[in-house]
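Visitor: Dropping in coords.pdb, with PDB, C-alpha atoms and all ligand atoms.
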ATOM      1  CA  MET A   1       0.000   0.000   0.000  1.00  0.00           C
ATOM      2  CA  LYS A   2       1.006   3.594  -0.524  1.00  0.00           C
ATOM      3  CA  LEU A   3      -0.374   6.571   1.387  1.00  0.00           C
ATOM      4  CA  ILE A   4      -0.388  10.124   0.066  1.00  0.00           C
ATOM      5  CA  VAL A   5      -1.399  12.970   2.366  1.00  0.00           C
ATOM      6  CA  LEU A   6      -3.575  15.245   0.218  1.00  0.00           C
ATOM      7  CA  GLY A   7      -4.492  17.581   3.061  1.00  0.00           C
ATOM      8  CA  SER A   8      -2.661  17.853   6.394  1.00  0.00           C
ATOM      9  CA  GLY A   9      -4.587  20.885   7.639  1.00  0.00           C
ATOM     10  CA  THR A  10      -8.030  21.672   9.037  1.00  0.00           C
ATOM     11  CA  ALA A  11     -10.832  24.082   8.164  1.00  0.00           C
ATOM     12  CA  ILE A  12      -8.477  27.056   8.555  1.00  0.00           C
ATOM     13  CA  PRO A  13      -7.170  28.016   5.098  1.00  0.00           C
ATOM     14  CA  LEU A  14      -3.374  27.857   4.908  1.00  0.00           C
ATOM     15  CA  ASN A  15      -1.247  28.282   1.808  1.00  0.00           C
ATOM     16  CA  GLU A  16       0.724  25.084   2.375  1.00  0.00           C
ATOM     17  CA  ARG A  17      -1.877  22.830   4.048  1.00  0.00           C
ATOM     18  CA  GLY A  18      -5.118  21.627   2.503  1.00  0.00           C
ATOM     19  CA  SER A  19      -8.161  20.366   4.412  1.00  0.00           C
ATOM     20  CA  PRO A  20      -8.199  16.711   5.486  1.00  0.00           C
ATOM     21  CA  SER A  21      -7.914  14.007   2.863  1.00  0.00           C
ATOM     22  CA  LEU A  22      -5.761  10.899   2.552  1.00  0.00           C
ATOM     23  CA  LEU A  23      -5.252   8.888  -0.615  1.00  0.00           C
ATOM     24  CA  LEU A  24      -4.471   5.219  -0.109  1.00  0.00           C
ATOM     25  CA  LEU A  25      -3.279   3.256  -3.119  1.00  0.00           C
ATOM     26  CA  ILE A  26      -4.140  -0.392  -2.544  1.00  0.00           C
ATOM     27  CA  GLU A  27      -2.652  -2.620  -5.243  1.00  0.00           C
ATOM     28  CA  GLY A  28      -2.719   0.532  -7.403  1.00  0.00           C
ATOM     29  CA  ALA A  29      -6.421   1.275  -6.786  1.00  0.00           C
ATOM     30  CA  PRO A  30      -6.926   4.797  -5.387  1.00  0.00           C
ATOM     31  CA  VAL A  31      -9.149   5.024  -2.301  1.00  0.00           C
ATOM     32  CA  LEU A  32      -9.960   8.327  -0.589  1.00  0.00           C
ATOM     33  CA  PHE A  33     -10.366   8.845   3.133  1.00  0.00           C
ATOM     34  CA  ASP A  34     -12.168  12.143   3.727  1.00  0.00           C
ATOM     35  CA  ILE A  35     -12.667  14.724   1.035  1.00  0.00           C
ATOM     36  CA  GLY A  36     -12.149  18.191   2.498  1.00  0.00           C
ATOM     37  CA  PRO A  37     -12.375  21.343   0.368  1.00  0.00           C
ATOM     38  CA  GLY A  38      -9.674  21.358  -2.312  1.00  0.00           C
ATOM     39  CA  THR A  39      -9.216  17.567  -2.404  1.00  0.00           C
ATOM     40  CA  LEU A  40     -10.018  17.207  -6.124  1.00  0.00           C
ATOM     41  CA  ARG A  41      -7.419  19.835  -6.970  1.00  0.00           C
ATOM     42  CA  GLN A  42      -4.852  18.117  -4.723  1.00  0.00           C
ATOM     43  CA  LEU A  43      -5.578  14.877  -6.616  1.00  0.00           C
ATOM     44  CA  THR A  44      -4.571  16.573  -9.874  1.00  0.00           C
ATOM     45  CA  ARG A  45      -1.251  17.469  -8.220  1.00  0.00           C
ATOM     46  CA  VAL A  46      -0.465  13.768  -7.675  1.00  0.00           C
ATOM     47  CA  GLY A  47      -1.579  12.864 -11.192  1.00  0.00           C
ATOM     48  CA  ILE A  48      -4.764  11.037 -10.256  1.00  0.00           C
ATOM     49  CA  SER A  49      -8.049  12.031 -11.855  1.00  0.00           C
ATOM     50  CA  HIS A  50     -11.155  12.224  -9.681  1.00  0.00           C
ATOM     51  CA  GLU A  51     -12.710   9.922 -12.310  1.00  0.00           C
ATOM     52  CA  LYS A  52     -10.485   7.069 -11.109  1.00  0.00           C
ATOM     53  CA  ILE A  53     -11.735   7.149  -7.509  1.00  0.00           C
ATOM     54  CA  GLU A  54     -14.107   4.235  -6.942  1.00  0.00           C
ATOM     55  CA  ARG A  55     -14.241   4.278  -3.128  1.00  0.00           C
ATOM     56  CA  ILE A  56     -14.485   7.141  -0.671  1.00  0.00           C
ATOM     57  CA  PHE A  57     -14.594   6.625   3.094  1.00  0.00           C
ATOM     58  CA  LEU A  58     -15.772   9.468   5.331  1.00  0.00           C
ATOM     59  CA  THR A  59     -14.853   9.700   9.007  1.00  0.00           C
ATOM     60  CA  HIS A  60     -17.574  12.245   9.900  1.00  0.00           C
ATOM     61  CA  PHE A  61     -19.662  15.012   8.375  1.00  0.00           C
ATOM     62  CA  HIS A  62     -17.797  18.191   9.365  1.00  0.00           C
ATOM     63  CA  PRO A  63     -17.268  20.393   6.286  1.00  0.00           C
ATOM     64  CA  ASP A  64     -13.457  20.308   6.510  1.00  0.00           C
ATOM     65  CA  HIS A  65     -13.715  16.515   5.878  1.00  0.00           C
ATOM     66  CA  THR A  66     -16.580  16.465   3.356  1.00  0.00           C
ATOM     67  CA  ALA A  67     -16.970  19.737   1.406  1.00  0.00           C
ATOM     68  CA  ASP A  68     -15.411  18.471  -1.837  1.00  0.00           C
ATOM     69  CA  LEU A  69     -18.189  15.873  -2.116  1.00  0.00           C
ATOM     70  CA  ILE A  70     -20.161  18.774  -3.588  1.00  0.00           C
ATOM     71  CA  HIS A  71     -17.442  19.331  -6.183  1.00  0.00           C
ATOM     72  CA  LEU A  72     -17.115  15.595  -6.910  1.00  0.00           C
ATOM     73  CA  LEU A  73     -20.833  14.998  -7.448  1.00  0.00           C
ATOM     74  CA  PHE A  74     -21.189  18.126  -9.594  1.00  0.00           C
ATOM     75  CA  VAL A  75     -18.208  17.373 -11.837  1.00  0.00           C
ATOM     76  CA  THR A  76     -19.369  13.760 -12.225  1.00  0.00           C
ATOM     77  CA  LYS A  77     -22.690  15.069 -13.537  1.00  0.00           C
ATOM     78  CA  ASN A  78     -20.829  16.663 -16.446  1.00  0.00           C
ATOM     79  CA  PRO A  79     -22.035  14.571 -19.452  1.00  0.00           C
ATOM     80  CA  ALA A  80     -18.540  13.820 -20.779  1.00  0.00           C
ATOM     81  CA  VAL A  81     -17.348  12.735 -17.313  1.00  0.00           C
ATOM     82  CA  LEU A  82     -20.477  10.693 -16.689  1.00  0.00           C
ATOM     83  CA  ARG A  83     -19.991   8.739 -19.949  1.00  0.00           C
ATOM     84  CA  ARG A  84     -16.484   7.682 -18.871  1.00  0.00           C
ATOM     85  CA  ARG A  85     -17.159   7.198 -15.174  1.00  0.00           C
ATOM     86  CA  ASN A  86     -16.906   3.819 -13.469  1.00  0.00           C
ATOM     87  CA  PRO A  87     -19.390   3.405 -10.601  1.00  0.00           C
ATOM     88  CA  PHE A  88     -18.220   4.573  -7.206  1.00  0.00           C
ATOM     89  CA  VAL A  89     -19.232   3.994  -3.587  1.00  0.00           C
ATOM     90  CA  ILE A  90     -19.279   6.515  -0.726  1.00  0.00           C
ATOM     91  CA  THR A  91     -18.983   4.823   2.664  1.00  0.00           C
ATOM     92  CA  GLY A  92     -19.440   6.630   5.949  1.00  0.00           C
ATOM     93  CA  PRO A  93     -21.078   6.753   9.356  1.00  0.00           C
ATOM     94  CA  ARG A  94     -24.768   6.294  10.005  1.00  0.00           C
ATOM     95  CA  GLY A  95     -26.590   9.381   8.698  1.00  0.00           C
ATOM     96  CA  LEU A  96     -24.613   9.477   5.430  1.00  0.00           C
ATOM     97  CA  ARG A  97     -27.689   8.941   3.244  1.00  0.00           C
ATOM     98  CA  THR A  98     -29.561  11.820   4.901  1.00  0.00           C
ATOM     99  CA  PHE A  99     -26.463  14.021   4.673  1.00  0.00           C
ATOM    100  CA  ILE A 100     -26.002  13.454   0.921  1.00  0.00           C
ATOM    101  CA  LYS A 101     -29.742  13.849   0.246  1.00  0.00           C
ATOM    102  CA  ALA A 102     -29.659  17.225   2.052  1.00  0.00           C
ATOM    103  CA  LEU A 103     -26.736  18.384  -0.133  1.00  0.00           C
ATOM    104  CA  GLN A 104     -28.568  17.255  -3.264  1.00  0.00           C
ATOM    105  CA  ASP A 105     -31.729  19.094  -2.172  1.00  0.00           C
ATOM    106  CA  ALA A 106     -29.751  22.248  -1.356  1.00  0.00           C
ATOM    107  CA  TYR A 107     -28.256  22.227  -4.860  1.00  0.00           C
ATOM    108  CA  ASN A 108     -31.586  21.517  -6.525  1.00  0.00           C
ATOM    109  CA  ASN A 109     -30.507  18.176  -8.002  1.00  0.00           C
ATOM    110  CA  TRP A 110     -27.308  19.472  -9.600  1.00  0.00           C
ATOM    111  CA  LEU A 111     -25.584  16.814  -7.479  1.00  0.00           C
ATOM    112  CA  THR A 112     -27.988  13.953  -8.206  1.00  0.00           C
ATOM    113  CA  LEU A 113     -26.347  11.080 -10.079  1.00  0.00           C
ATOM    114  CA  PRO A 114     -27.790   7.904 -11.601  1.00  0.00           C
ATOM    115  CA  PRO A 115     -27.977   5.125  -8.979  1.00  0.00           C
ATOM    116  CA  GLU A 116     -25.872   2.831 -11.176  1.00  0.00           C
ATOM    117  CA  ILE A 117     -23.005   5.360 -10.894  1.00  0.00           C
ATOM    118  CA  MET A 118     -23.114   6.288  -7.200  1.00  0.00           C
ATOM    119  CA  ARG A 119     -23.848   4.012  -4.272  1.00  0.00           C
ATOM    120  CA  ILE A 120     -23.999   4.964  -0.597  1.00  0.00           C
ATOM    121  CA  GLU A 121     -22.991   2.612   2.206  1.00  0.00           C
ATOM    122  CA  GLU A 122     -23.640   3.442   5.867  1.00  0.00           C
ATOM    123  CA  LEU A 123     -21.651   1.834   8.672  1.00  0.00           C
ATOM    124  CA  ASP A 124     -22.710   1.330  12.273  1.00  0.00           C
ATOM    125  CA  THR A 125     -21.463   3.982  14.691  1.00  0.00           C
ATOM    126  CA  GLU A 126     -22.257   2.111  17.905  1.00  0.00           C
ATOM    127  CA  GLU A 127     -20.152  -1.016  17.434  1.00  0.00           C
ATOM    128  CA  LYS A 128     -17.018  -2.045  15.597  1.00  0.00           C
ATOM    129  CA  THR A 129     -17.641  -3.206  12.015  1.00  0.00           C
ATOM    130  CA  LYS A 130     -15.483  -5.310   9.707  1.00  0.00           C
ATOM    131  CA  THR A 131     -16.036  -5.430   5.941  1.00  0.00           C
ATOM    132  CA  GLN A 132     -14.135  -7.090   3.116  1.00  0.00           C
ATOM    133  CA  TYR A 133     -13.835  -4.895  -0.014  1.00  0.00           C
ATOM    134  CA  GLY A 134     -12.232  -6.981  -2.737  1.00  0.00           C
ATOM    135  CA  ARG A 135      -8.525  -7.013  -1.902  1.00  0.00           C
ATOM    136  CA  PHE A 136      -8.647  -5.189   1.425  1.00  0.00           C
ATOM    137  CA  THR A 137     -10.484  -5.300   4.734  1.00  0.00           C
ATOM    138  CA  VAL A 138     -11.813  -2.294   6.625  1.00  0.00           C
ATOM    139  CA  THR A 139     -12.511  -2.316  10.357  1.00  0.00           C
ATOM    140  CA  THR A 140     -14.156   0.701  11.981  1.00  0.00           C
ATOM    141  CA  ALA A 141     -14.704   1.913  15.514  1.00  0.00           C
ATOM    142  CA  PRO A 142     -16.708   4.877  16.857  1.00  0.00           C
ATOM    143  CA  MET A 143     -14.607   7.874  17.884  1.00  0.00           C
ATOM    144  CA  ASN A 144     -14.940  10.555  20.546  1.00  0.00           C
ATOM    145  CA  HIS A 145     -15.749  13.567  18.335  1.00  0.00           C
ATOM    146  CA  THR A 146     -19.356  13.766  17.092  1.00  0.00           C
ATOM    147  CA  PRO A 147     -22.163  11.209  17.635  1.00  0.00           C
ATOM    148  CA  ASN A 148     -21.345   9.762  14.186  1.00  0.00           C
ATOM    149  CA  SER A 149     -17.563   9.658  13.865  1.00  0.00           C
ATOM    150  CA  LEU A 150     -15.530   6.656  12.738  1.00  0.00           C
ATOM    151  CA  ALA A 151     -11.894   5.662  12.549  1.00  0.00           C
ATOM    152  CA  TYR A 152     -10.768   3.191   9.886  1.00  0.00           C
ATOM    153  CA  ARG A 153      -8.289   0.329   9.933  1.00  0.00           C
ATOM    154  CA  VAL A 154      -7.346  -0.881   6.446  1.00  0.00           C
ATOM    155  CA  GLU A 155      -5.559  -4.184   5.929  1.00  0.00           C
ATOM    156  CA  GLY A 156      -4.260  -5.279   2.551  1.00  0.00           C
ATOM    157  CA  GLU A 157      -3.553  -8.791   1.311  1.00  0.00           C
ATOM    158  CA  THR A 158      -0.016  -8.642   2.706  1.00  0.00           C
ATOM    159  CA  GLY A 159      -1.412  -8.130   6.219  1.00  0.00           C
ATOM    160  CA  LYS A 160      -0.037  -4.576   6.545  1.00  0.00           C
ATOM    161  CA  ALA A 161      -2.372  -2.262   8.426  1.00  0.00           C
ATOM    162  CA  VAL A 162      -2.980   1.487   8.165  1.00  0.00           C
ATOM    163  CA  VAL A 163      -5.232   3.168  10.733  1.00  0.00           C
ATOM    164  CA  TYR A 164      -6.735   6.648  10.355  1.00  0.00           C
ATOM    165  CA  SER A 165      -8.477   8.310  13.297  1.00  0.00           C
ATOM    166  CA  GLY A 166     -10.323  11.119  11.540  1.00  0.00           C
ATOM    167  CA  ASP A 167     -11.094  13.624  14.303  1.00  0.00           C
ATOM    168  CA  THR A 168     -11.236  12.308  17.863  1.00  0.00           C
ATOM    169  CA  GLY A 169     -10.467  13.009  21.472  1.00  0.00           C
ATOM    170  CA  PHE A 170      -8.507  10.496  23.515  1.00  0.00           C
ATOM    171  CA  CYS A 171     -10.434   7.194  23.747  1.00  0.00           C
ATOM    172  CA  ASP A 172      -9.813   3.463  24.215  1.00  0.00           C
ATOM    173  CA  GLU A 173     -11.476   2.696  20.879  1.00  0.00           C
ATOM    174  CA  ILE A 174      -8.668   4.252  18.828  1.00  0.00           C
ATOM    175  CA  THR A 175      -6.028   2.422  20.881  1.00  0.00           C
ATOM    176  CA  ASP A 176      -7.815  -0.898  20.305  1.00  0.00           C
ATOM    177  CA  LEU A 177      -8.325  -0.266  16.595  1.00  0.00           C
ATOM    178  CA  ALA A 178      -4.690   0.780  16.085  1.00  0.00           C
ATOM    179  CA  ARG A 179      -3.168  -2.211  17.916  1.00  0.00           C
ATOM    180  CA  GLY A 180       0.073  -3.265  16.170  1.00  0.00           C
ATOM    181  CA  ALA A 181      -0.621  -1.146  13.040  1.00  0.00           C
ATOM    182  CA  ASP A 182       2.198  -0.543  10.563  1.00  0.00           C
ATOM    183  CA  LEU A 183       1.133   3.081  10.220  1.00  0.00           C
ATOM    184  CA  LEU A 184      -1.157   5.043  12.528  1.00  0.00           C
ATOM    185  CA  VAL A 185      -2.420   8.389  11.219  1.00  0.00           C
ATOM    186  CA  LEU A 186      -3.709  10.537  14.059  1.00  0.00           C
ATOM    187  CA  GLU A 187      -5.098  14.015  14.240  1.00  0.00           C
ATOM    188  CA  SER A 188      -3.084  16.465  16.319  1.00  0.00           C
ATOM    189  CA  SER A 189      -5.250  19.566  16.412  1.00  0.00           C
ATOM    190  CA  PHE A 190      -4.001  21.618  19.344  1.00  0.00           C
ATOM    191  CA  PRO A 191      -0.817  21.865  21.432  1.00  0.00           C
ATOM    192  CA  ASP A 192      -0.659  20.242  24.878  1.00  0.00           C
ATOM    193  CA  GLU A 193      -1.166  23.573  26.677  1.00  0.00           C
ATOM    194  CA  ASP A 194      -4.299  24.314  24.623  1.00  0.00           C
ATOM    195  CA  ALA A 195      -6.132  20.939  24.658  1.00  0.00           C
ATOM    196  CA  CYS A 196      -9.671  20.939  23.268  1.00  0.00           C
ATOM    197  CA  GLU A 197     -12.437  18.398  23.986  1.00  0.00           C
ATOM    198  CA  GLY A 198     -12.974  16.038  21.032  1.00  0.00           C
ATOM    199  CA  HIS A 199      -9.477  16.536  19.604  1.00  0.00           C
ATOM    200  CA  LEU A 200      -5.952  15.279  20.319  1.00  0.00           C
ATOM    201  CA  THR A 201      -2.781  17.066  21.310  1.00  0.00           C
ATOM    202  CA  PRO A 202       0.665  15.778  20.215  1.00  0.00           C
ATOM    203  CA  SER A 203       1.291  14.052  23.567  1.00  0.00           C
ATOM    204  CA  MET A 204      -2.167  12.426  23.586  1.00  0.00           C
ATOM    205  CA  ALA A 205      -1.459  11.142  20.076  1.00  0.00           C
ATOM    206  CA  GLY A 206       1.889   9.822  21.306  1.00  0.00           C
ATOM    207  CA  ARG A 207       0.232   8.037  24.231  1.00  0.00           C
ATOM    208  CA  ILE A 208      -2.197   6.297  21.851  1.00  0.00           C
ATOM    209  CA  ALA A 209       0.682   5.215  19.590  1.00  0.00           C
ATOM    210  CA  THR A 210       2.607   3.842  22.584  1.00  0.00           C
ATOM    211  CA  LEU A 211      -0.382   1.998  24.056  1.00  0.00           C
ATOM    212  CA  ALA A 212      -1.258   0.535  20.635  1.00  0.00           C
ATOM    213  CA  ASN A 213       2.389  -0.393  19.991  1.00  0.00           C
ATOM    214  CA  VAL A 214       2.315   0.826  16.378  1.00  0.00           C
ATOM    215  CA  LYS A 215       5.325   0.761  14.067  1.00  0.00           C
ATOM    216  CA  ARG A 216       5.007   4.349  12.804  1.00  0.00           C
ATOM    217  CA  LEU A 217       2.980   7.399  13.786  1.00  0.00           C
ATOM    218  CA  LEU A 218       1.968  10.108  11.310  1.00  0.00           C
ATOM    219  CA  LEU A 219       0.395  13.295  12.662  1.00  0.00           C
ATOM    220  CA  ILE A 220      -1.924  15.527  10.618  1.00  0.00           C
ATOM    221  CA  HIS A 221      -4.878  17.948  11.131  1.00  0.00           C
ATOM    222  CA  PHE A 222      -2.794  20.761  12.620  1.00  0.00           C
ATOM    223  CA  TYR A 223      -4.564  23.962  13.618  1.00  0.00           C
ATOM    224  CA  PRO A 224      -2.314  27.057  13.425  1.00  0.00           C
ATOM    225  CA  GLU A 225      -2.012  26.970  17.251  1.00  0.00           C
ATOM    226  CA  CYS A 226      -0.449  23.527  16.991  1.00  0.00           C
ATOM    227  CA  LEU A 227       1.900  24.594  14.201  1.00  0.00           C
ATOM    228  CA  ARG A 228       3.265  27.320  16.485  1.00  0.00           C
ATOM    229  CA  ALA A 229       4.227  24.655  19.080  1.00  0.00           C
ATOM    230  CA  ASP A 230       7.111  22.171  18.977  1.00  0.00           C
ATOM    231  CA  ILE A 231       4.884  19.281  17.881  1.00  0.00           C
ATOM    232  CA  ALA A 232       7.618  16.632  17.807  1.00  0.00           C
ATOM    233  CA  SER A 233       8.895  17.451  21.325  1.00  0.00           C
ATOM    234  CA  GLN A 234       5.377  17.364  22.737  1.00  0.00           C
ATOM    235  CA  CYS A 235       4.746  13.995  21.083  1.00  0.00           C
ATOM    236  CA  ARG A 236       8.087  12.692  22.392  1.00  0.00           C
ATOM    237  CA  ARG A 237       6.827  13.145  25.961  1.00  0.00           C
ATOM    238  CA  THR A 238       4.766   9.986  25.482  1.00  0.00           C
ATOM    239  CA  TYR A 239       6.147   8.173  22.418  1.00  0.00           C
ATOM    240  CA  GLY A 240       9.611   6.948  21.473  1.00  0.00           C
ATOM    241  CA  GLY A 241       8.908   5.270  18.127  1.00  0.00           C
ATOM    242  CA  GLU A 242       9.124   6.499  14.538  1.00  0.00           C
ATOM    243  CA  LEU A 243       7.314   9.818  14.187  1.00  0.00           C
ATOM    244  CA  ILE A 244       6.379  11.645  10.993  1.00  0.00           C
ATOM    245  CA  LEU A 245       4.886  15.139  10.938  1.00  0.00           C
ATOM    246  CA  GLY A 246       2.447  15.253   8.033  1.00  0.00           C
ATOM    247  CA  GLU A 247       2.746  17.613   5.102  1.00  0.00           C
ATOM    248  CA  ASP A 248       0.629  17.943   1.999  1.00  0.00           C
ATOM    249  CA  LEU A 249       1.692  15.562  -0.801  1.00  0.00           C
ATOM    250  CA  LEU A 250       3.829  13.437   1.526  1.00  0.00           C
ATOM    251  CA  HIS A 251       4.147   9.887   0.104  1.00  0.00           C
ATOM    252  CA  LEU A 252       4.643   6.876   2.404  1.00  0.00           C
ATOM    253  CA  ARG A 253       4.989   3.224   1.526  1.00  0.00           C
ATOM    254  CA  VAL A 254       3.439   0.712   3.908  1.00  0.00           C
TER     255      VAL A 254
HETATM  256 ZN    ZN A 301     -11.501  18.220  11.258  1.00  0.00          ZN
HETATM  257 ZN    ZN A 302     -14.452  17.303  12.965  1.00  0.00          ZN
END
Can I see the file as structure tokens?
Ligand SMILES: [Zn+2]
Ligand SMILES: [Zn+2]

Guide:
Amino acid sequence: MKLIVLGSGTAIPLNERGSPSLLLLIEGAPVLFDIGPGTLRQLTRVGISHEKIERIFLTHFHPDHTADLIHLLFVTKNPAVLRRRNPFVITGPRGLRTFIKALQDAYNNWLTLPPEIMRIEELDTEEKTKTQYGRFTVTTAPMNHTPNSLAYRVEGETGKAVVYSGDTGFCDEITDLARGADLLVLESSFPDEDACEGHLTPSMAGRIATLANVKRLLLIHFYPECLRADIASQCRRTYGGELILGEDLLHLRV
């Protein structure tokens, strides 16, 4: 598997950091995790057309993680794009169907696609789920952020595991889900001295990585307050393993 960070930022616009989105290439097939504003443009920067995306997984419905769904559905409605388009599936927490219907209503059906092109899949947000998607398996667990927030664990045929928290506060569920992962991608919104309910600080992220005994930790979702802190030193208070501070367009092999 290969992971490309499309957006390492948040909802705050920054020149060098887009809103949250990760691209995972599984046996060459591009899979998106979150689709914050600007994601489709970031995809062009790594040479992958939005038309090639056949699976999108959403962690929760906050606009910084979902706003480019509007762009994706609208561009897919373009007749030339629609003729070429392979079907795609959007997977996300319970409430996804209602969320997408509300967007389509707000845009007066400019986002409505033929059902043979777009499918919606909702996952439980109370319990862990495990689903096999062709050549990879996805396990989810509810996170401590909104009532419908999920983290994802993706395992390929080689047994390598990548875990992505989406947004979350400290919770046992992320530690359990991340157990022994080859790469754990955690949010790190605010510095230790400015902790915020429902989000992680660098040292909380480090504690999760230590408890879960992961091989590598990648931090993303930095608010400007966090970027002004010494993120690595704060994370080192609780974690001694391999640490990567996320940047847009960072490529990692797993
Ligand atoms: Zn967020
Ligand atoms: Zn959020």

Visitor: Please tabulate, as CSV, the residues of chain A that come within 7 Å of ligand ZN 302 (chain A), each with its closest pair of atoms and the distance in Å to one decimal, counting all atoms listed in the file and ordering rows by chain, then residue number upward.

Guide:
residue,atom,partner,partner_atom,distance
A:His60,CA,A:ZN302,ZN,6.7
A:His62,CA,A:ZN302,ZN,5.0
A:His145,CA,A:ZN302,ZN,6.7
A:Asp167,CA,A:ZN302,ZN,5.2

Visitor: Could you write out that same residue set with C-alpha atoms as a CSV table (one decimal), in the frame of the given file?

Guide:
chain,number,residue,atom,x,y,z
A,60,HIS,CA,-17.6,12.2,9.9
A,62,HIS,CA,-17.8,18.2,9.4
A,145,HIS,CA,-15.7,13.6,18.3
A,167,ASP,CA,-11.1,13.6,14.3

Visitor: The PyMOL selection byres (((chain A and resi 53) around 10) and not hetatm) - which residues does that actually catch in the file I just gave you? List them as a PDB file with C-alpha atoms, in the coordinates of the input.

Guide:
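Writing the result to selection13.pdb gives the following:
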ATOM      1  CA  LEU A  23      -5.252   8.888  -0.615  1.00  0.00           C
ATOM      2  CA  ALA A  29      -6.421   1.275  -6.786  1.00  0.00           C
ATOM      3  CA  PRO A  30      -6.926   4.797  -5.387  1.00  0.00           C
ATOM      4  CA  VAL A  31      -9.149   5.024  -2.301  1.00  0.00           C
ATOM      5  CA  LEU A  32      -9.960   8.327  -0.589  1.00  0.00           C
ATOM      6  CA  LEU A  43      -5.578  14.877  -6.616  1.00  0.00           C
ATOM      7  CA  ILE A  48      -4.764  11.037 -10.256  1.00  0.00           C
ATOM      8  CA  SER A  49      -8.049  12.031 -11.855  1.00  0.00           C
ATOM      9  CA  HIS A  50     -11.155  12.224  -9.681  1.00  0.00           C
ATOM     10  CA  GLU A  51     -12.710   9.922 -12.310  1.00  0.00           C
ATOM     11  CA  LYS A  52     -10.485   7.069 -11.109  1.00  0.00           C
ATOM     12  CA  GLU A  54     -14.107   4.235  -6.942  1.00  0.00           C
ATOM     13  CA  ARG A  55     -14.241   4.278  -3.128  1.00  0.00           C
ATOM     14  CA  ILE A  56     -14.485   7.141  -0.671  1.00  0.00           C
ATOM     15  CA  ARG A  85     -17.159   7.198 -15.174  1.00  0.00           C
ATOM     16  CA  ASN A  86     -16.906   3.819 -13.469  1.00  0.00           C
ATOM     17  CA  PRO A  87     -19.390   3.405 -10.601  1.00  0.00           C
ATOM     18  CA  PHE A  88     -18.220   4.573  -7.206  1.00  0.00           C
ATOM     19  CA  VAL A  89     -19.232   3.994  -3.587  1.00  0.00           C
TER      20      VAL A  89
END

Visitor: What does the list of residues within 9 Å of ligand ZN 301 (chain A) look like if you count all atoms listed in the file, written as a list in words?

Guide: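 Written in the requested form, the residues are Gly9, Thr10, Ala11, Ser19, Pro20, Gly36, His60, His62, Pro63, Asp64, His65, Gly166, Asp167, Thr168, Glu187, Ser189, His199 and His221 of chain A.
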
Visitor: Using only C-alpha atoms, which residue out of A:Met143, A:Leu111, A:Ala209, A:Ala161 lies closest to Glu126 of chain A?

Guide: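 So, comparing all the options, the nearest one is A:Met143.
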
Visitor: What's around segment 112-124 of chain A at 7 Å? Count all atoms listed in the file, leave out sequence neighbours fewer than 4 positions away in its own chain, and write the answer as a list in words.

Guide: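 The neighbour list is Lys77, Asn86, Pro87, Phe88, Val89, Ile90, Thr91, Gly92, Pro93, Arg94, Leu96, Arg97, Gln104 and Thr129 of chain A.
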
Visitor: Kindly provide, as lines of an AutoDock Vina configuration file, the centre and edge lengths (Å, one decimal) of an axis-aligned box around all atoms of segment 239-254 of chain A given in the file, with 3 Å on each side.

Guide:
center_x = 5.1
center_y = 9.3
center_z = 10.8
size_x = 15.0
size_y = 23.2
size_z = 29.2

Visitor: Could you expand the PyMOL selection byres (((chain A and resi 174) around 12) and not hetatm) into the explicit residues it covers here, written as an mmCIF file with C-alpha atoms, keeping the file's coordinate frame?

Guide:
data_model
loop_
_atom_site.group_PDB
_atom_site.id
_atom_site.type_symbol
_atom_site.label_atom_id
_atom_site.label_comp_id
_atom_site.auth_asym_id
_atom_site.auth_seq_id
_atom_site.Cartn_x
_atom_site.Cartn_y
_atom_site.Cartn_z
ATOM 1 C CA LYS A 128 -17.018 -2.045 15.597
ATOM 2 C CA THR A 139 -12.511 -2.316 10.357
ATOM 3 C CA THR A 140 -14.156 0.701 11.981
ATOM 4 C CA ALA A 141 -14.704 1.913 15.514
ATOM 5 C CA PRO A 142 -16.708 4.877 16.857
ATOM 6 C CA MET A 143 -14.607 7.874 17.884
ATOM 7 C CA ASN A 144 -14.940 10.555 20.546
ATOM 8 C CA HIS A 145 -15.749 13.567 18.335
ATOM 9 C CA SER A 149 -17.563 9.658 13.865
ATOM 10 C CA LEU A 150 -15.530 6.656 12.738
ATOM 11 C CA ALA A 151 -11.894 5.662 12.549
ATOM 12 C CA TYR A 152 -10.768 3.191 9.886
ATOM 13 C CA ARG A 153 -8.289 0.329 9.933
ATOM 14 C CA VAL A 163 -5.232 3.168 10.733
ATOM 15 C CA TYR A 164 -6.735 6.648 10.355
ATOM 16 C CA SER A 165 -8.477 8.310 13.297
ATOM 17 C CA GLY A 166 -10.323 11.119 11.540
ATOM 18 C CA ASP A 167 -11.094 13.624 14.303
ATOM 19 C CA THR A 168 -11.236 12.308 17.863
ATOM 20 C CA GLY A 169 -10.467 13.009 21.472
ATOM 21 C CA PHE A 170 -8.507 10.496 23.515
ATOM 22 C CA CYS A 171 -10.434 7.194 23.747
ATOM 23 C CA ASP A 172 -9.813 3.463 24.215
ATOM 24 C CA GLU A 173 -11.476 2.696 20.879
ATOM 25 C CA THR A 175 -6.028 2.422 20.881
ATOM 26 C CA ASP A 176 -7.815 -0.898 20.305
ATOM 27 C CA LEU A 177 -8.325 -0.266 16.595
ATOM 28 C CA ALA A 178 -4.690 0.780 16.085
ATOM 29 C CA ARG A 179 -3.168 -2.211 17.916
ATOM 30 C CA GLY A 180 0.073 -3.265 16.170
ATOM 31 C CA ALA A 181 -0.621 -1.146 13.040
ATOM 32 C CA LEU A 184 -1.157 5.043 12.528
ATOM 33 C CA VAL A 185 -2.420 8.389 11.219
ATOM 34 C CA LEU A 186 -3.709 10.537 14.059
ATOM 35 C CA GLU A 187 -5.098 14.015 14.240
ATOM 36 C CA LEU A 200 -5.952 15.279 20.319
ATOM 37 C CA MET A 204 -2.167 12.426 23.586
ATOM 38 C CA ALA A 205 -1.459 11.142 20.076
ATOM 39 C CA ARG A 207 0.232 8.037 24.231
ATOM 40 C CA ILE A 208 -2.197 6.297 21.851
ATOM 41 C CA ALA A 209 0.682 5.215 19.590
ATOM 42 C CA THR A 210 2.607 3.842 22.584
ATOM 43 C CA LEU A 211 -0.382 1.998 24.056
ATOM 44 C CA ALA A 212 -1.258 0.535 20.635
ATOM 45 C CA VAL A 214 2.315 0.826 16.378
#
